[in-house]
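Here the structure is laid out as structure tokens; the discussion comes afterwards.
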Amino acid sequence: MRKLVQPQGLPSPFKPTSKAGKSHPHESATRQVQGQARYIDDMPEPQGLLYGAVGISTITHGLITSMDLSAVRSFPGVVDVVTLDDVPGHTDIGAVFEGDPLLADGKVLFQGQPLFAVAATSIDAARKATQLAKVEYESLDACLSVKQARAENKTVRPVHVNLNGDPDTVLASAKNTLKGHASVGGQEHMYLEGQISLAIPEEDDRISVFASSQHPSEVQKLVAEVLDIPLNKVIVDMRRMGGGFGGKESQAAQWSCIAALLASRTGKAVKMRVPRMQDMQATGKRHPFENFYHVAFDDTGLIQAADIDVSGNCGYSPDLSDGIVDRAMFHADNAYFMGDVRVTGHRWMTNTVSHTAFRGFGGPQGMVAAEAMLDGIARKLGEDPLIIRKRNLYQDKARNVTPYGMEVEHNLIGDLIARLEESSHYWKRREEIKAYNAKSQILKKGLALTPLKFGISFTAQHLNQAGALLHIYTDGSLQISHGGTEMGQGLHTKIAQICANEFGIPVEHVEVTSTRTDKVPNTSPTAASSGTDLNGKAAQNACLSIKQRLAEFAAELTGGKAEDVVFDNQQVISGDQSWPFAEFIQKAYFARISLSSTGFYKTPKIYYDRATGTGRPFFYFAYGASVSEVTVDTLTGEYCVNQVDILHDVGNSINPALDKGQIEGGFIQGMGWLTTEELKWDAKGKLISNNPATYKIPAIGDTPPVFNVDLYPRANDEDSIYHSKAVGEPPLMLAISVWCAIKDALSSIGDYKVDPKLDTPATPEKVLMAAMALQQELGA
Amino acid sequence: MISFMLNNTVEQITDEQADTTLLNYLRERRKLTGTKEGCASGDCGACTVVLAELSPKQDKLHYRSVNSCVTMLSALEGKQLITVEHLADGKTLHPVQQAMIDEHGSQCGFCTPGFVMSMFALYHEEKQPDRTEVQHALSGNLCRCTGYRPIIDATLKACGNKQDDQFSRQETQTVQTLTQLQASAEKGLAELFMPTSRDELTRLRQQYPEARLVAGSTDLALEITQQWKTLPQLISLTRVEELLAVVEDDTGLTLGAAVPLTDATDALLRHSPELAELIERFASHPIRNQATLGGNVANASPIGDMPPVLLALDAVIHVDNGSARRQIPAREFFTGYRQTQLGADEWIEAIHFPKRKANSLLRAYKVSKRHEDDISAVCAVFLLELENGVISKLRTGFGGVAATPVSANDAEQQLRGLTLADKHTSQLGQSLLYNAFNPIDDVRATAQYRKLVCQNLWQRLWLEQQGSIDIRVVNHA
């Protein structure tokens, strides 16, 4: 294996004495294992606390003709009942575009929509009271599928197109073409901590809100708008979430707004904790997609042109769907150059809950289209899909521009695949599996290697900014606040490591505070994998500005130069002189040097022109690849994943253990999305997979017994924080290799000449049906 | 009064409502918020706590993980309730906690207390677990962040090098305290009754005809936590002596209706070792630690996993009303959707499994979306008696295919007398089973899939008899 070339002369950014760049436990781990890590529902309750609950709609689409809440109001313990009429300010809490009423606005847009809210002296009373509402409706026809929305032309946002060249002409004249369709299921977030918020009224019209939210600044803004008060009267505090995954990016705000509304009316603190089944009914999920493709390729499988149509089921309102479908479009190429290409992205409206952000933000759904296409070409040509995949990868010089006109620089995918191909013994196992399948009547094994190229940056340019606030106290301890939120990913741990590395002090001397809108204002959501990229740089910039002051002071004392001052090993060193860090901080304090600073960062280089559908929406790409091996039972469709090998690119890892945790966890979550996690609505539009008994995320036995995860050892070429790369979302898409491996196993039934039609999630039922369809096709 | 140890302190509960769950008691009354609510339906394990109880000989402790969200307070009587706040010994973390940190087994941390408690219960099992046993012990705990690999490694690490912890060091003392608690005469709460004998149960049922019966509470509790019902009076069956007997004799196995499945497993597997997979896949480990066979039969759910076993094994349900006992064949017991022959004043006392013939062959298959802790799309159980390779008797039981647990009567009759090894037997059985039921489409599967699975599971059974063909994606004991 050839040696990796590092970006030109880049030294390690990590001090040997610091814990940055090394595995270090999650900052809350010790508290988490003892039940001492406080989530909102664990906080000591304010005196007189009231508990919130909502009543939800039992029809899918229609008008509310009457809503009699008298029995709700008179239920023992109930203190207040509100409808939309009771909102003093804005009634719409749409994150980007309007369309999301806080409570139903005379109309029901999906089944499970909150209609009214209750505050009571116990959670039991609040919930039981909601059952006593007498609501009458006039039902209207509901739109329940992309197909129906397409027929009725119902959209939440206009269509958008990326066009490169003239795909129609190439497709019309090509020798080999293929058309296909894949339904891609949505996904319930199933954060273990459900949606929750605690609002505490303060003096006069001020209010404090504790929210389990990925976007405290948006909660602040919406609470202020709903209550019709300026933003500076609202403080939002967010210490940790028990999981977010996108589900608490825009859709955590509603519960805070309801709690704040009830709190401001009653003058009491109100805690709004959503029970699991309501949480699953009333909050959005990963968008289900319908993907269509038409591709032209030469006899070697090299793609010449493609026309790809991705159709997101957005639910009843825009929410974040514009960005989500954009990202699906930006990843419909995955890692492949497709020649003359058109990618069309539709945003369809249906009467289901408004689908929202979920790890990958549409990217995974788009990527499935690309991989479906590559499998289809390989089967048609009778080639191993890996050969076809490699043949079509983006190249360094030519064949390196995406359908949206961005040049793919610093492309690692070819080398990364080559390494994984070797370390996973892909070809040896391919032969073994072929031999096994030839002999095995019922069980079939499958193998697949899929690549990953994921664009890093918010596609909304303004969100690519971050702030931090750093204080150093006179004992030498640091307190850092930043705009990112901790949902388990280890962001606070990495931020502490960065600060510790900058000052050359132990990571234990750095305290990361809860995320508060009064510490760092106007923050972006912790989303798009950008938490460390943005906030890490902002925190580093805060460190640099204090370091500059300290260095100047040290130079002054020694007569040396500020740029030569070194912060390392708990010492401040200037020339021959050195001071213990804490001692030097005291010295600086007495010399009246400011020991507090903000830090700010904005991502360079990025832009996107919506009018032309071109630009550079991403600062850089994160790469990865995975090999999955499965065994499928063709009698029942049951399957298991035998082995997974992953090589993933995180640049310079700030914390390898946490990065590996993101890779493994993202992979298993992606595997769940593509296999057992099946959202089901009944014919009338009611979600029937509405609890963990009916919606099955991976359990412990689903983790593959052999699970090899390695980090690709190369620094980010772009100037990201310590030349690391974002890792939150990309690994989820590595799980596409599980889906492709199941298809590979099925394809063996037809001697690898037929591409099985297998929509996702590939439940045992879908796998059995696909196997039977193949057998029938071959028999016919 | 309910007397128990909360961690190391003896406590009494006197003034709680009958339908207060253990999770709400901990979080709302005691403000012990280390134990989390993830789903309040026994599906996620975030609320897992451990109950230490006296062993049958009363000389040792047995540690049992349970989902506190579906546990009633009666379950605490005479036991030590251990919560996550108490595992650390002063500033020294328990080995399972330390291993979780060292292996990076927590991310968002919300599931972590529940995992730690399941790991702790496993730590106190006698043997050193392998990876499969770790998976079984943690089968009721969901994690959405880690992908489980570090949790598996942490558990293997902690349990691979067990040392005495504060609980084993204090075992003698705890055993003594719990023994003393047993002496207290008064059990239960004002409206949560805890009879210990048939007579007492009979009297309570007459006195409180509206009171609901509860054993493991893993199903009944859902009415409280999911439907927000008030259940003002409950009669707990878990201490009624007549319902706790396990008798293995020449006639077969008789299992008391209130024996938790975990405690019934050994006897069940001695009777029918082929049930190992089905039992291990029955809900999850903490649910089996509470759930009873009687409950699984009495609630008559068409998707319960034990009723098909009862049907195939020709089990007999022993019912009682305190004055008269009667025996109802399992095949006559289920009369409609969640309806049985059980009279309003009756309860299930025991389930009798007749002794198996030496030449009998039992196969129990469960097909579900997820392998662990899932409800069957189809559960199929076949009992064949063979004479010289000829099927002399076939008994079947199915779950998930009709409004009740049900047998495939046509297949049972028409396959009798056929040579099992004949291809015709496979084909005929498949077609009979495909057409045996008219299942419905629901959240778990379509009717068509259920019919195909019934058909194909007969083919699986037939192929299994053909010798060395790989037939299962996951191999079991």
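Just so we're on the same page: first chain in the structure tokens is A, next is B, and so on; residues restart at 1 for each chain, and ligands are numbered from 1 in the order they show up.
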Please run DSSP on the backbone and report, as number ranges by chain, all residues within range 294-335 of chain B that come out as alpha helix (DSSP H).
-> B: 294-298, 306-312, 330-333
Which residues come within 6 Å of range 109-125 of chain B, counting only C-alpha atoms, excluding same-chain residues fewer than 4 positions away, as a list in words?
->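 After dropping sequence-adjacent residues, the list is Gln32, Val33, Gly35 and Gly242 of chain A; Gly45, Ala46, Cys47, Thr48, Val49, Tyr63, Ser65, Val84, Cys143 and Cys159 of chain B.
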Could you make a table, as a Markdown table, of the residues of chain A that have an atom within 6 Å of an atom of chain B, each with its nearest atom pair and distance in Å to one decimal, counting only C-alpha atoms, in chain and number order?
| residue | atom | partner | partner_atom | distance |
| --- | --- | --- | --- | --- |
| A:Ala29 | CA | B:Ile101 | CA | 5.8 |
| A:Gln32 | CA | B:Gly109 | CA | 5.3 |
| A:Val33 | CA | B:Gln97 | CA | 5.5 |
| A:Gln34 | CA | B:Glu85 | CA | 5.4 |
| A:Gly35 | CA | B:Gly34 | CA | 3.8 |
| A:Asp42 | CA | B:Thr33 | CA | 5.4 |
| A:Leu192 | CA | B:Gly38 | CA | 5.3 |
| A:Glu193 | CA | B:Gly38 | CA | 5.8 |
| A:Gly242 | CA | B:Cys108 | CA | 4.9 |
| A:Gly243 | CA | B:Cys108 | CA | 5.5 |
| A:Arg276 | CA | B:Cys39 | CA | 5.4 |
| A:Met487 | CA | B:Cys108 | CA | 5.4 |
| A:Gly488 | CA | B:Cys108 | CA | 3.3 |
| A:Leu635 | CA | B:Asn456 | CA | 5.6 |
| A:Thr636 | CA | B:Val453 | CA | 5.9 |
| A:Tyr639 | CA | B:Val473 | CA | 6.0 |
| A:Gly661 | CA | B:Thr146 | CA | 5.8 |
| A:Glu664 | CA | B:Gly147 | CA | 5.6 |
| A:Gly665 | CA | B:Gly147 | CA | 4.2 |
| A:Ile668 | CA | B:Gly147 | CA | 5.1 |
| A:Thr676 | CA | B:Lys369 | CA | 5.7 |
| A:Pro692 | CA | B:Asp43 | CA | 5.9 |
| A:Ala699 | CA | B:Leu142 | CA | 5.9 |
| A:Ile700 | CA | B:Tyr148 | CA | 5.8 |
| A:Gly701 | CA | B:Gln135 | CA | 5.8 |
Nearest to Lys519 in chain A: which of A:Gly490, A:Gly246, A:Pro730, A:Gly483 is it, counting only C-alpha atoms?
->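 Once distances to Lys519 in chain A are computed over only C-alpha atoms, the minimum belongs to A:Gly483.
In this comparison, which uses only C-alpha atoms, the residue of B:Gly389, B:Gly343, B:Gly294, B:Gly256 approaching Ala421 in chain B most closely is B:Gly389.
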Could you name the residues that touch Val295 in chain A at 6 Å or less, counting only C-alpha atoms, but leaving out those on the same chain fewer than 2 positions away, as a PDB file with N, CA, C and O atoms, in the first residue's frame?
ATOM      1  N   THR A 177     -29.181   2.226 -22.143  1.00  0.00           N
ATOM      2  CA  THR A 177     -29.847   3.074 -21.151  1.00  0.00           C
ATOM      3  C   THR A 177     -30.607   2.199 -20.161  1.00  0.00           C
ATOM      4  O   THR A 177     -30.869   1.027 -20.409  1.00  0.00           O
ATOM      5  N   LEU A 178     -30.935   2.831 -19.053  1.00  0.00           N
ATOM      6  CA  LEU A 178     -31.627   2.104 -17.992  1.00  0.00           C
ATOM      7  C   LEU A 178     -32.528   3.103 -17.302  1.00  0.00           C
ATOM      8  O   LEU A 178     -32.129   4.244 -17.048  1.00  0.00           O
ATOM      9  N   ALA A 305     -24.677   9.995 -19.349  1.00  0.00           N
ATOM     10  CA  ALA A 305     -25.685  11.010 -19.034  1.00  0.00           C
ATOM     11  C   ALA A 305     -26.675  10.424 -18.041  1.00  0.00           C
ATOM     12  O   ALA A 305     -26.853   9.209 -17.983  1.00  0.00           O
ATOM     13  N   ALA A 306     -27.288  11.316 -17.285  1.00  0.00           N
ATOM     14  CA  ALA A 306     -28.302  10.849 -16.342  1.00  0.00           C
ATOM     15  C   ALA A 306     -29.352  11.926 -16.150  1.00  0.00           C
ATOM     16  O   ALA A 306     -29.059  13.122 -16.174  1.00  0.00           O
TER      17      ALA A 306
END
Please give the complete set of residues from range 322-425 of chain B that DSSP, run on the backbone, assigns to strand (DSSP E), formatted as a PyMOL selection string.
-> chain B and resi 325-329+334-336+339-340+347-354+360-367+378-387+390-399
Keeping C-alpha atoms for every residue in the selection just given, could you write it to a file as a compact mmCIF listing (two decimals), in the first residue's frame?
# COMPACT_ATOMS: atom_id res chain seq x y z
CA ARG B 325 -61.48 -25.70 39.60
CA ARG B 326 -61.82 -26.74 36.00
CA GLN B 327 -59.51 -27.67 33.18
CA ILE B 328 -59.87 -26.21 29.73
CA PRO B 329 -57.87 -27.52 26.78
CA PHE B 334 -59.53 -18.74 23.03
CA THR B 335 -62.99 -17.80 21.80
CA GLY B 336 -62.55 -14.47 20.03
CA GLN B 339 -61.79 -13.29 24.58
CA THR B 340 -61.49 -16.56 26.43
CA TRP B 347 -58.46 -16.88 37.23
CA ILE B 348 -55.83 -19.05 35.66
CA GLU B 349 -54.07 -21.14 38.25
CA ALA B 350 -51.67 -23.10 36.12
CA ILE B 351 -50.90 -24.39 32.68
CA HIS B 352 -50.26 -28.06 32.19
CA PHE B 353 -48.05 -29.32 29.36
CA PRO B 354 -48.61 -33.05 28.83
CA SER B 360 -42.10 -36.30 18.84
CA LEU B 361 -40.56 -33.44 16.97
CA LEU B 362 -41.19 -29.84 17.98
CA ARG B 363 -40.40 -26.75 15.95
CA ALA B 364 -41.17 -23.21 17.08
CA TYR B 365 -40.54 -20.38 14.64
CA LYS B 366 -40.90 -16.68 15.09
CA VAL B 367 -40.70 -14.27 12.18
CA VAL B 378 -46.04 -14.89 12.37
CA CYS B 379 -45.30 -17.30 15.18
CA ALA B 380 -45.64 -20.93 14.13
CA VAL B 381 -45.28 -24.01 16.32
CA PHE B 382 -45.43 -27.56 15.00
CA LEU B 383 -45.49 -30.76 17.02
CA LEU B 384 -45.14 -33.95 15.02
CA GLU B 385 -45.30 -37.46 16.34
CA LEU B 386 -43.55 -39.87 14.02
CA GLU B 387 -43.73 -43.61 13.64
CA VAL B 390 -44.77 -41.43 9.13
CA ILE B 391 -46.60 -38.54 10.72
CA SER B 392 -48.93 -40.16 13.23
CA LYS B 393 -50.00 -36.91 14.77
CA LEU B 394 -49.55 -33.24 13.93
CA ARG B 395 -50.43 -30.40 16.22
CA THR B 396 -49.93 -26.75 15.32
CA GLY B 397 -50.26 -23.32 16.87
CA PHE B 398 -50.02 -19.96 15.14
CA GLY B 399 -49.88 -16.37 16.27
Please indicate the distance in Å from CA of His271 in chain B to CA of Arg288 in chain B, rounded to one decimal place.
->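 Interatomic distance, CA of His271 in chain B to CA of Arg288 in chain B: 18.5 Å.
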Quick one: everything within 12 Å of Pro209 in chain B, counting only C-alpha atoms, minus sequence neighbours fewer than 2 positions away in the same chain. Send it as a list in words.
->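 In the requested form, the answer reads Leu201, Thr202, Arg203, Leu204, Arg205, Gln206, Gln207, Ala211, Arg212, Leu213, Gln233, Leu234, Ile235, Ala344, Asp345 and Glu346 of chain B.
CA of Gly405 in chain A sits 5.1 Å away from CA of Thr614 in chain A.
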Near Gly575 in chain A, counting only C-alpha atoms, which residues have an atom at most 8 Å away, once you skip same-chain residues fewer than 6 positions from it, shown as a list in words?
-> Thr558, Gly560, Asp564 and Val565 of chain A
Write out as a PyMOL selection string which residues come within 7 Å of Tyr752 in chain A when counting only C-alpha atoms, dropping same-chain ones fewer than 5 positions away.
-> chain A and resi 379+382+747
For range 250-255 of chain B, please output as a ChimeraX atom specification all residues within 12 Å (counting only C-alpha atoms; exclusion window: fewer than 6 positions along the same chain).
-> /B:242-244,261,263-272,292-294,310,313-318,348-357
Between B:Thr155, B:Phe282, B:Arg198, B:Gly216, single out the one closest to Asp320 in chain B, counting only C-alpha atoms.
->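 Result for the nearest residue to Asp320 in chain B: B:Arg198.
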If you measure from CA of Val650 in chain A to CA of Thr459 in chain A, what distance in Å do you get, rounded to one decimal?
->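 Pair CA of Val650 in chain A / CA of Thr459 in chain A returns 20.2 Å.
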